[in-house]
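Student: As input, take query.cif (mmCIF, C-alpha atoms):
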data_target
#
loop_
_atom_site.label_atom_id
_atom_site.label_comp_id
_atom_site.auth_asym_id
_atom_site.auth_seq_id
_atom_site.Cartn_x
_atom_site.Cartn_y
_atom_site.Cartn_z
CA MET A 115 21.62 -122.88 70.18
CA LEU A 116 22.07 -119.15 70.52
CA SER A 117 23.15 -118.81 66.93
CA LEU A 118 19.66 -119.81 65.87
CA TYR A 119 18.45 -116.34 66.57
CA LEU A 120 21.31 -114.24 67.77
CA THR A 121 22.54 -111.58 65.47
CA LEU A 122 26.27 -111.83 65.42
CA ILE A 123 27.87 -108.44 65.23
CA ASP A 124 30.83 -108.48 62.88
CA SER A 125 31.14 -112.15 63.73
CA GLU A 126 32.90 -113.30 60.59
CA GLU A 127 35.42 -110.51 60.71
CA ASP A 128 36.06 -110.96 64.41
CA LYS A 129 36.21 -114.72 64.16
CA LYS A 130 38.94 -114.41 61.55
CA LYS A 131 40.69 -111.92 63.80
CA PHE A 132 40.81 -114.30 66.72
CA VAL A 133 42.16 -117.07 64.50
CA GLN A 134 44.81 -114.65 63.22
CA PHE A 135 45.67 -113.75 66.80
CA TYR A 136 45.97 -117.41 67.68
CA GLU A 137 48.15 -118.25 64.70
CA ALA A 138 50.36 -115.23 65.22
CA TYR A 139 51.05 -115.60 68.93
CA ARG A 140 50.65 -119.16 70.07
CA GLY A 141 54.36 -119.85 69.52
CA LEU A 142 55.41 -116.73 71.39
CA MET A 143 52.96 -117.50 74.16
CA HIS A 144 54.25 -121.03 74.52
CA TYR A 145 57.81 -119.74 74.58
CA THR A 146 56.81 -117.21 77.26
CA ALA A 147 55.03 -119.82 79.36
CA ASN A 148 57.81 -122.37 78.95
CA ARG A 149 60.44 -119.95 80.18
CA ILE A 150 58.51 -119.67 83.42
CA LEU A 151 57.17 -123.18 83.84
CA GLN A 152 60.06 -125.12 82.26
CA ASP A 153 57.64 -127.76 81.08
CA ASP A 154 56.24 -128.14 77.56
CA PHE A 155 52.87 -129.49 78.60
CA ALA A 156 52.35 -127.17 81.55
CA ALA A 157 53.18 -124.36 79.15
CA GLU A 158 50.48 -125.62 76.78
CA ASP A 159 48.00 -125.49 79.64
CA ALA A 160 49.05 -121.94 80.40
CA VAL A 161 48.71 -120.92 76.73
CA GLN A 162 45.28 -122.48 76.56
CA GLU A 163 44.17 -120.69 79.71
CA ALA A 164 45.54 -117.42 78.38
CA PHE A 165 43.63 -117.81 75.11
CA LEU A 166 40.48 -118.58 77.08
CA ARG A 167 40.79 -115.35 79.04
CA ILE A 168 41.61 -113.37 75.92
CA ALA A 169 38.68 -114.87 74.04
CA LYS A 170 36.35 -113.59 76.72
CA ASN A 171 37.73 -110.08 76.38
CA PHE A 172 38.75 -109.91 72.76
CA HIS A 173 36.54 -106.99 71.80
CA LYS A 174 39.18 -104.38 72.61
CA VAL A 175 41.97 -105.97 70.62
CA GLY A 176 42.73 -103.72 67.66
CA ASP A 177 45.29 -104.52 65.00
CA VAL A 178 46.31 -108.14 65.54
CA PHE A 179 49.83 -107.61 64.28
CA CYS A 180 50.79 -104.40 66.07
CA PRO A 181 53.41 -104.46 68.88
CA GLU A 182 50.81 -103.59 71.51
CA THR A 183 48.76 -106.67 70.68
CA LYS A 184 51.86 -108.85 70.78
CA LYS A 185 52.68 -107.51 74.23
CA PHE A 186 49.08 -107.99 75.31
CA ALA A 187 49.40 -111.69 74.47
CA VAL A 188 52.61 -111.88 76.48
CA ILE A 189 51.14 -110.02 79.46
CA ILE A 190 48.21 -112.40 79.78
CA CYS A 191 50.30 -115.50 79.16
CA ARG A 192 52.99 -114.46 81.64
CA ASN A 193 50.33 -113.75 84.23
CA VAL A 194 48.74 -117.16 83.82
CA SER A 195 52.14 -118.88 83.86
CA LEU A 196 53.31 -117.06 86.95
CA THR A 197 50.07 -117.88 88.72
CA MET A 198 50.50 -121.50 87.75
CA ALA A 199 54.06 -121.54 88.97
CA LYS A 200 52.95 -120.01 92.26
CA LYS A 201 55.91 -117.72 92.34
CA ASN A 202 54.72 -115.21 94.86
CA ALA A 203 58.07 -113.70 95.74
CA GLU A 204 56.90 -110.20 94.92
CA THR A 205 53.96 -110.58 97.29
CA VAL A 206 56.43 -110.85 100.15
CA SER A 207 58.58 -107.97 98.96
CA THR A 208 55.66 -105.58 98.59
CA GLU A 209 53.63 -106.69 101.54
CA GLY A 210 54.55 -103.71 103.68
CA ILE A 211 53.98 -101.30 100.88
CA GLU A 212 50.60 -102.79 100.15
CA GLU A 213 49.51 -102.34 103.71
CA LYS A 214 50.80 -98.83 103.84
CA LEU A 215 49.22 -97.78 100.57
CA ASP A 216 45.95 -99.56 101.02
CA SER A 217 42.97 -97.33 100.29
CA VAL A 218 45.12 -94.43 99.11
CA ASP A 219 43.71 -92.54 96.17
CA LEU A 220 46.17 -90.18 94.48
CA LYS A 221 45.27 -86.61 93.71
CA ASP A 222 45.19 -85.80 90.02
CA GLU A 223 48.12 -83.40 90.05
CA THR A 224 50.53 -85.82 91.76
CA PHE A 225 52.04 -87.14 88.54
CA GLU A 226 52.32 -83.71 86.98
CA ARG A 227 55.03 -82.82 89.47
CA LEU A 228 57.17 -85.84 88.61
CA GLU A 229 59.88 -86.07 86.00
CA TYR A 230 58.58 -88.04 83.04
CA ARG A 231 61.75 -90.10 82.47
CA LEU A 232 61.76 -91.22 86.09
CA VAL A 233 58.11 -92.22 85.88
CA VAL A 234 58.90 -94.50 82.94
CA GLU A 235 61.75 -96.11 84.87
CA ALA A 236 59.53 -96.47 87.93
CA VAL A 237 56.88 -98.22 85.85
CA LEU A 238 59.48 -100.68 84.57
CA SER A 239 60.69 -101.37 88.10
CA LEU A 240 57.20 -102.11 89.40
CA PRO A 241 56.37 -105.69 90.30
CA GLU A 242 54.64 -107.27 87.34
CA ARG A 243 51.31 -107.71 89.08
CA TYR A 244 50.94 -103.94 89.43
CA ARG A 245 52.47 -103.11 86.06
CA ASN A 246 50.08 -105.40 84.24
CA VAL A 247 47.00 -103.85 85.82
CA LEU A 248 48.23 -100.37 84.89
CA TYR A 249 49.02 -101.44 81.32
CA LEU A 250 45.71 -103.19 80.80
CA HIS A 251 43.63 -100.41 82.34
CA LEU A 252 45.37 -97.29 81.10
CA VAL A 253 47.08 -98.36 77.88
CA TYR A 254 44.73 -101.05 76.56
CA GLY A 255 41.61 -99.36 77.93
CA TYR A 256 40.09 -102.34 79.70
CA GLU A 257 37.69 -101.56 82.53
CA LEU A 258 38.92 -102.82 85.91
CA LYS A 259 36.23 -105.47 85.79
CA GLU A 260 37.67 -106.71 82.50
CA VAL A 261 41.23 -106.49 83.85
CA ALA A 262 40.10 -108.71 86.72
CA ASN A 263 38.71 -111.18 84.20
CA LEU A 264 41.89 -111.22 82.18
CA LEU A 265 44.13 -111.71 85.18
CA GLY A 266 41.88 -114.10 87.06
CA ILE A 267 41.57 -111.87 90.11
CA SER A 268 38.67 -110.13 91.82
CA VAL A 269 37.61 -106.65 90.77
CA ASP A 270 38.55 -105.42 94.23
CA ALA A 271 42.06 -106.83 93.85
CA ALA A 272 42.39 -105.20 90.42
CA ARG A 273 41.28 -101.85 91.85
CA LYS A 274 43.73 -102.11 94.73
CA ARG A 275 46.61 -103.07 92.46
CA PHE A 276 45.78 -100.11 90.26
CA GLN A 277 45.82 -97.68 93.18
CA ARG A 278 48.86 -99.23 94.82
CA GLY A 279 50.75 -99.38 91.54
CA LYS A 280 50.31 -95.65 91.06
CA CYS A 281 51.39 -94.95 94.63
CA MET A 282 54.45 -97.16 94.25
CA ILE A 283 55.49 -95.23 91.14
CA VAL A 284 55.24 -91.95 93.02
CA GLU A 285 57.24 -93.33 95.94
CA GLU A 286 59.88 -94.82 93.61
CA VAL A 287 60.38 -91.47 91.94
CA GLY A 288 60.63 -89.77 95.30
CA GLY A 289 57.37 -87.92 95.08
CA GLN A 290 54.93 -87.48 97.86
CA VAL A 291 51.81 -89.54 98.11
CA ASP A 292 49.81 -86.56 99.29
CA ALA A 293 46.50 -88.12 98.73
CA GLY A 294 43.18 -88.07 100.39
CA ARG A 295 42.33 -91.24 102.23
CA LYS A 296 39.22 -92.88 100.90
CA MET B 110 42.37 -86.76 83.96
CA GLN B 111 45.82 -85.27 84.42
CA VAL B 112 47.05 -88.39 86.19
CA GLU B 113 46.03 -90.50 83.26
CA ASN B 114 47.64 -88.12 80.75
CA LYS B 115 51.17 -88.17 82.10
CA LEU B 116 51.04 -91.65 83.48
CA ASN B 117 49.54 -92.94 80.25
CA LEU B 118 52.44 -91.62 78.21
CA ALA B 119 54.94 -93.11 80.63
CA LEU B 120 53.12 -96.44 80.58
CA GLN B 121 53.03 -96.51 76.80
CA GLU B 122 56.77 -95.89 76.64
CA ALA B 123 57.44 -98.44 79.37
CA LEU B 124 55.32 -100.99 77.52
CA MET B 125 57.39 -100.56 74.39
CA ARG B 126 60.55 -101.28 76.36
CA ASP B 127 59.02 -104.01 78.48
CA PHE B 128 58.98 -107.77 77.90
CA PRO B 129 62.47 -108.31 76.47
CA GLU B 130 61.68 -111.99 75.97
CA ILE B 131 59.80 -111.03 72.82
CA GLU B 132 63.04 -109.89 71.22
CA LYS B 133 64.78 -113.08 72.32
CA PHE B 134 61.93 -115.14 70.88
CA GLU B 135 62.17 -113.36 67.57
CA LYS B 136 65.92 -113.81 67.36
CA THR B 137 65.96 -117.46 68.38
CA PRO B 138 64.25 -120.18 66.35
CA TYR B 139 61.61 -121.73 68.56
CA GLU B 140 59.53 -124.66 67.45
CA HIS B 141 56.94 -126.38 69.52
CA GLN B 142 54.61 -129.03 68.17
CA PHE B 143 51.37 -128.47 70.02
CA SER B 144 49.63 -131.61 71.21
CA VAL B 145 46.40 -132.92 69.70
CA GLU B 146 44.66 -132.30 73.01
CA PHE B 147 45.74 -128.67 72.92
CA GLU B 148 44.41 -128.23 69.39
CA GLU B 149 41.10 -129.83 70.34
CA ASN B 150 40.73 -127.60 73.37
CA MET B 151 41.53 -124.58 71.27
CA GLN B 152 38.67 -125.43 68.93
CA ARG B 153 36.34 -125.15 71.91
CA ILE B 154 37.86 -121.81 72.80
CA PHE B 155 37.35 -120.62 69.22
CA LYS B 156 33.75 -121.56 69.55
CA MET B 157 33.45 -119.68 72.80
CA ALA B 158 35.28 -116.70 71.35
CA GLU B 159 32.79 -116.68 68.52
CA LYS B 160 30.00 -116.32 71.05
CA GLU B 161 31.86 -113.64 72.90
CA TYR B 162 32.02 -111.67 69.69
CA VAL B 163 28.35 -111.14 70.18
CA SER B 164 29.56 -108.68 72.78
CA ILE B 165 28.43 -105.20 72.15
CA ARG B 166 31.13 -102.66 71.53
CA HIS B 167 32.28 -100.88 74.61
CA HIS B 168 30.89 -97.47 73.69
CA ARG B 169 27.51 -99.01 73.15
CA LEU B 170 27.69 -100.75 76.49
CA ARG B 171 28.35 -97.45 78.17
CA LYS B 172 25.47 -95.86 76.32
CA ALA B 173 23.20 -98.71 77.28
CA PHE B 174 24.24 -98.37 80.88
CA VAL B 175 23.39 -94.68 80.93
CA VAL B 176 20.05 -95.31 79.27
CA ALA B 177 19.25 -98.03 81.76
CA LEU B 178 20.25 -95.86 84.68
CA ILE B 179 18.02 -93.04 83.52
CA ALA B 180 15.23 -95.47 82.88
CA THR B 181 15.56 -96.87 86.37
CA LEU B 182 15.60 -93.45 87.96
CA LEU B 183 12.56 -92.29 86.08
CA MET B 184 10.78 -95.60 86.58
CA THR B 185 9.73 -95.53 83.01
CA THR B 186 9.85 -97.87 80.06
CA VAL B 187 9.42 -95.24 77.41
CA GLY B 188 11.75 -95.12 74.43
CA GLY B 189 12.51 -98.78 73.95
CA ALA B 190 15.20 -98.89 76.61
CA VAL B 191 14.34 -100.64 79.81
CA ALA B 192 16.18 -102.15 82.72
CA ILE B 193 14.72 -105.26 84.25
CA SER B 194 16.01 -105.53 87.79
CA LYS B 195 16.30 -108.76 89.67
CA PRO B 196 18.20 -109.41 92.86
CA LEU B 197 21.09 -111.10 91.09
CA VAL B 198 21.25 -109.84 87.55
CA LYS B 199 20.20 -106.69 85.77
CA TRP B 200 19.41 -106.87 82.07
CA ILE B 201 20.42 -103.69 80.34
CA THR B 202 18.61 -103.53 77.07
CA GLU B 203 18.50 -101.22 74.13
CA GLN B 204 16.53 -101.59 70.95
CA ASN B 205 18.90 -101.48 67.99
CA GLU B 206 16.68 -99.98 65.29
CA LYS B 207 19.26 -100.42 62.57
CA LEU B 208 19.59 -104.17 62.99
CA ASN B 209 16.13 -104.69 64.46
CA VAL B 210 17.54 -106.51 67.43
CA LEU B 211 17.50 -105.99 71.16
CA ASP B 212 21.03 -105.39 72.42
CA ILE B 213 21.58 -106.77 75.91
CA THR B 214 24.34 -106.53 78.46
CA PHE B 215 24.33 -107.62 82.07
CA GLU B 216 25.16 -106.25 85.46
CA VAL B 217 25.52 -108.81 88.18
CA ASP B 218 25.48 -108.18 91.91
CA GLY B 219 28.49 -109.40 93.90
CA GLU B 220 31.16 -108.47 91.40
CA ASN B 221 33.90 -109.60 93.74
CA GLU B 222 32.97 -113.21 93.24
CA PRO B 223 35.88 -115.31 91.95
CA ILE B 224 36.15 -115.43 88.21
CA GLU B 225 35.00 -118.77 86.89
CA ASP B 226 36.85 -120.61 84.19
CA SER B 227 34.60 -123.62 84.34
CA ILE B 228 31.02 -124.12 85.36
CA ALA B 229 28.81 -126.70 87.01
CA TYR B 230 27.12 -128.17 83.97
CA ILE B 231 23.34 -128.28 84.33
CA GLN B 232 21.32 -130.56 82.11
CA PRO B 233 17.57 -129.98 81.70
CA LYS B 234 15.17 -132.89 81.60
CA THR B 235 15.00 -134.42 78.14
CA PRO B 236 11.46 -133.98 76.76
CA LYS B 237 9.44 -137.08 76.01
CA GLY B 238 10.15 -138.43 72.53
CA TYR B 239 13.45 -136.57 72.23
CA LYS B 240 16.99 -137.85 72.58
CA ILE B 241 20.33 -136.13 72.93
CA VAL B 242 22.18 -136.15 69.61
CA ARG B 243 25.05 -133.88 70.57
CA GLU B 244 26.55 -132.71 73.83
CA ASP B 245 29.45 -130.31 74.14
CA LYS B 246 31.08 -129.12 77.36
CA TYR B 247 33.73 -126.45 77.05
CA GLY B 248 35.06 -124.39 79.96
CA ILE B 249 32.29 -121.95 80.76
CA GLY B 250 29.78 -123.34 78.31
CA TYR B 251 27.54 -126.35 77.86
CA ASP B 252 25.54 -127.10 74.70
CA ILE B 253 23.08 -129.92 74.09
CA GLU B 254 21.17 -130.72 70.93
CA TYR B 255 18.01 -132.81 71.12
CA GLU B 256 16.00 -134.37 68.32
CA ASN B 257 12.82 -136.40 68.05
CA ASN B 258 11.75 -138.85 65.36
CA GLN B 259 9.67 -136.14 63.66
CA GLY B 260 12.84 -134.21 62.99
CA GLN B 261 12.09 -131.48 65.53
CA VAL B 262 15.18 -130.12 67.21
CA ILE B 263 15.89 -128.32 70.46
CA TYR B 264 19.11 -126.52 71.30
CA TYR B 265 20.12 -125.90 74.89
CA SER B 266 22.95 -123.64 75.92
CA GLN B 267 24.31 -122.75 79.36
CA MET B 268 27.01 -120.13 79.67
CA GLY B 269 28.92 -118.77 82.64
CA ALA B 270 30.75 -115.47 83.12
CA ILE B 271 27.78 -113.52 81.84
CA GLU B 272 28.80 -110.09 83.05
CA PRO B 273 31.32 -109.28 80.30
CA MET B 274 28.98 -110.83 77.75
CA GLY B 275 26.61 -109.05 75.47
CA LEU B 276 24.08 -110.45 73.09
CA SER B 277 21.57 -109.34 70.55
CA LEU B 278 18.18 -110.94 70.23
CA ASP B 279 16.16 -110.84 67.05
CA ASN B 280 13.24 -108.51 67.60
CA GLU B 281 11.85 -108.26 64.10
CA ASP B 282 8.07 -107.86 64.04
CA ASP B 283 8.14 -107.41 67.83
CA SER B 284 8.58 -111.17 68.16
CA LEU B 285 10.44 -110.84 71.46
CA HIS B 286 8.70 -110.49 74.82
CA GLU B 287 9.77 -110.30 78.43
CA THR B 288 9.08 -113.31 80.59
CA THR B 289 10.15 -114.94 83.83
CA ILE B 290 11.53 -118.42 84.31
CA ASN B 291 11.20 -119.56 87.90
CA GLY B 292 11.27 -115.93 88.96
CA TYR B 293 14.26 -114.94 86.84
CA ALA B 294 13.93 -112.33 84.12
CA GLY B 295 14.29 -113.39 80.54
CA TYR B 296 12.88 -113.24 77.06
CA VAL B 297 10.63 -115.45 75.01
CA TRP B 298 10.70 -115.43 71.22
CA GLU B 299 8.33 -117.03 68.75
CA LYS B 300 8.37 -116.79 65.01
CA SER B 301 7.59 -118.99 62.02
CA GLY B 302 7.47 -122.27 63.93
CA ASN B 303 10.59 -121.50 65.93
CA CYS B 304 10.64 -120.48 69.55
CA ALA B 305 13.23 -119.65 72.16
CA LEU B 306 13.64 -118.84 75.83
CA THR B 307 16.59 -116.90 77.20
CA TRP B 308 17.04 -116.15 80.87
CA SER B 309 19.66 -115.78 83.55
CA ASP B 310 19.84 -116.54 87.24
CA GLY B 311 22.78 -114.15 87.61
CA ARG B 312 25.29 -116.94 87.51
CA TYR B 313 24.53 -118.46 84.14
CA LEU B 314 22.84 -117.45 80.94
CA PHE B 315 20.47 -120.14 79.73
CA ASP B 316 19.08 -120.46 76.26
CA LEU B 317 16.61 -122.92 74.85
CA SER B 318 15.42 -122.77 71.28
CA GLY B 319 13.96 -125.10 68.73
CA THR B 320 11.26 -126.07 66.31
CA CYS B 321 9.10 -127.55 69.06
CA SER B 322 6.30 -125.92 71.04
CA LEU B 323 7.06 -123.16 73.48
CA GLU B 324 5.43 -125.27 76.17
CA THR B 325 8.09 -127.95 75.65
CA LEU B 326 10.84 -125.40 76.19
CA GLU B 327 9.13 -124.04 79.29
CA HIS B 328 8.96 -127.51 80.81
CA MET B 329 12.65 -128.00 80.13
CA ALA B 330 13.50 -124.62 81.64
CA LYS B 331 11.55 -125.38 84.80
CA SER B 332 13.24 -128.78 85.13
CA ILE B 333 16.55 -127.01 85.73
CA TYR B 334 15.36 -125.76 89.12
#
Translate the structure described by the file into structure tokens.
Tutor:
Amino acid sequence: MLSLYLTLIDSEEDKKKFVQFYEAYRGLMHYTANRILQDDFAAEDAVQEAFLRIAKNFHKVGDVFCPETKKFAVIICRNVSLTMAKKNAETVSTEGIEEKLDSVDLKDETFERLEYRLVVEAVLSLPERYRNVLYLHLVYGYELKEVANLLGISVDAARKRFQRGKCMIVEEVGGQVDAGRK
Amino acid sequence: MQVENKLNLALQEALMRDFPEIEKFEKTPYEHQFSVEFEENMQRIFKMAEKEYVSIRHHRLRKAFVVALIATLLMTTVGGAVAISKPLVKWITEQNEKLNVLDITFEVDGENEPIEDSIAYIQPKTPKGYKIVREDKYGIGYDIEYENNQGQVIYYSQMGAIEPMGLSLDNEDDSLHETTINGYAGYVWEKSGNCALTWSDGRYLFDLSGTCSLETLEHMAKSIY
């Protein structure tokens, strides 16, 4: 057993933290999953899967009881539930955009020219799959590889959603995607 | 970094306004009695989470990566930081002088492989005189405990999804040494009647440890392939 000779770093503290996380959010996560899946037991499966993904990437979770952590739990649980429900409506609606924006990499100054308030609204209007990647990468600080792990997608898909999400925000606000093609 | 600055602020504000179901949840009493099966499965996840806590903090991982990169470029092993390259998995190691352990993270080729939530459980050959006294399969992990009638024990562990994982191996008194198991890089550890083998084929991290002879563990390791 690894514990025979592994040195656990902050293991007791972190173990307690995960239990606290579980106790604090399992109800909310079930509620979230149940709203999507409309089935108590399917929702349990989704919650369990969400906890599994979070457990693998728990090292960046800060204060268990802060609003950001609560939303993190919801983001992962919603993602799992939506995947389970196979509701891919947004895939259809953004298909054209995806194709158009594929391999676009925005220049750094693009966002500086946009009005802040409109950017916030554009973020909120993004399809969830793009929004979640942006939240997890830029707000929660997960590497794209870790985002991929959390969302159950490939690293390439996470990278594309990140790039496309940014482009979609610019287009929504009416800015110009004047980027270099990769 | 300008993109991140403005976009970050907008994302943070959007996040605070997002997910209105949280407010609904908090305003509406919601009770769900989780099933026994759910609780049992969660115990396995707790166990796995405990192992994941071995993960090295992100800043250290970055540091280790830089050290390993430099080490690879210079083709040197000076300074206690080495990178052992294999076709499938790269061990990025750094001696942690404070804790006297070797901190390890992994880089695996083919990062676009699908993320695994369960693994193909691999059981090594049970050594002569030993029997399995405990077996635990949980998602991406598989543990087996063996015991013989002399009270010697062997622990076997197989874990998937190794890339986000980090671990620290006891290296007190320089008791840890590099080795290969069927061509895959790993470490062997011997101290005070205990011994252990840890290696990875890029897909799984394997660990064998116990109060038996190292030879016994090596036979078990080889029986996996």
Student: Might you spell out which residues the PyMOL selection byres ((chain A and resi 257) around 12) would select in the displayed file, as an MDAnalysis selection string?
Tutor: (chainID A and resid 171 174 247:256 258:264 269 272:273 276) or (chainID B and resid 167:168 170:171 273)
Student: Given the file above and the PyMOL selection byres ((chain A and resi 189) around 10), which residues are selected, and can you give them as a list in words?
Tutor: Met143, Thr146, Ala164, Thr183, Lys184, Lys185, Phe186, Ala187, Val188, Ile190, Cys191, Arg192, Asn193, Val194, Ser195, Glu242, Arg243, Arg245, Asn246, Val247, Tyr249, Leu250, Leu264 and Leu265 of chain A; Asp127 and Phe128 of chain B
Student: Could you list the residues chosen by the PyMOL selection byres ((chain B and resi 141-147) around 9) in this structure as a ChimeraX atom specification?
Tutor: /A:141,144-145,154-155,158-159,162 /B:139-140,148-152
Student: Could you jot down the atom CA of Gln232 of chain B to atom CA of Lys331 of chain B separation for me, Å, one decimal place?
Tutor: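 Spanning atom CA of Gln232 of chain B to atom CA of Lys331 of chain B is a straight-line distance of 11.4 Å.
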Student: Can you work out which one of B:Leu278, B:Ile333, B:Ile253, B:Met268 has the shortest atom-to-atom distance to chain A, counting all atoms listed in the file?
Tutor: B:Leu278
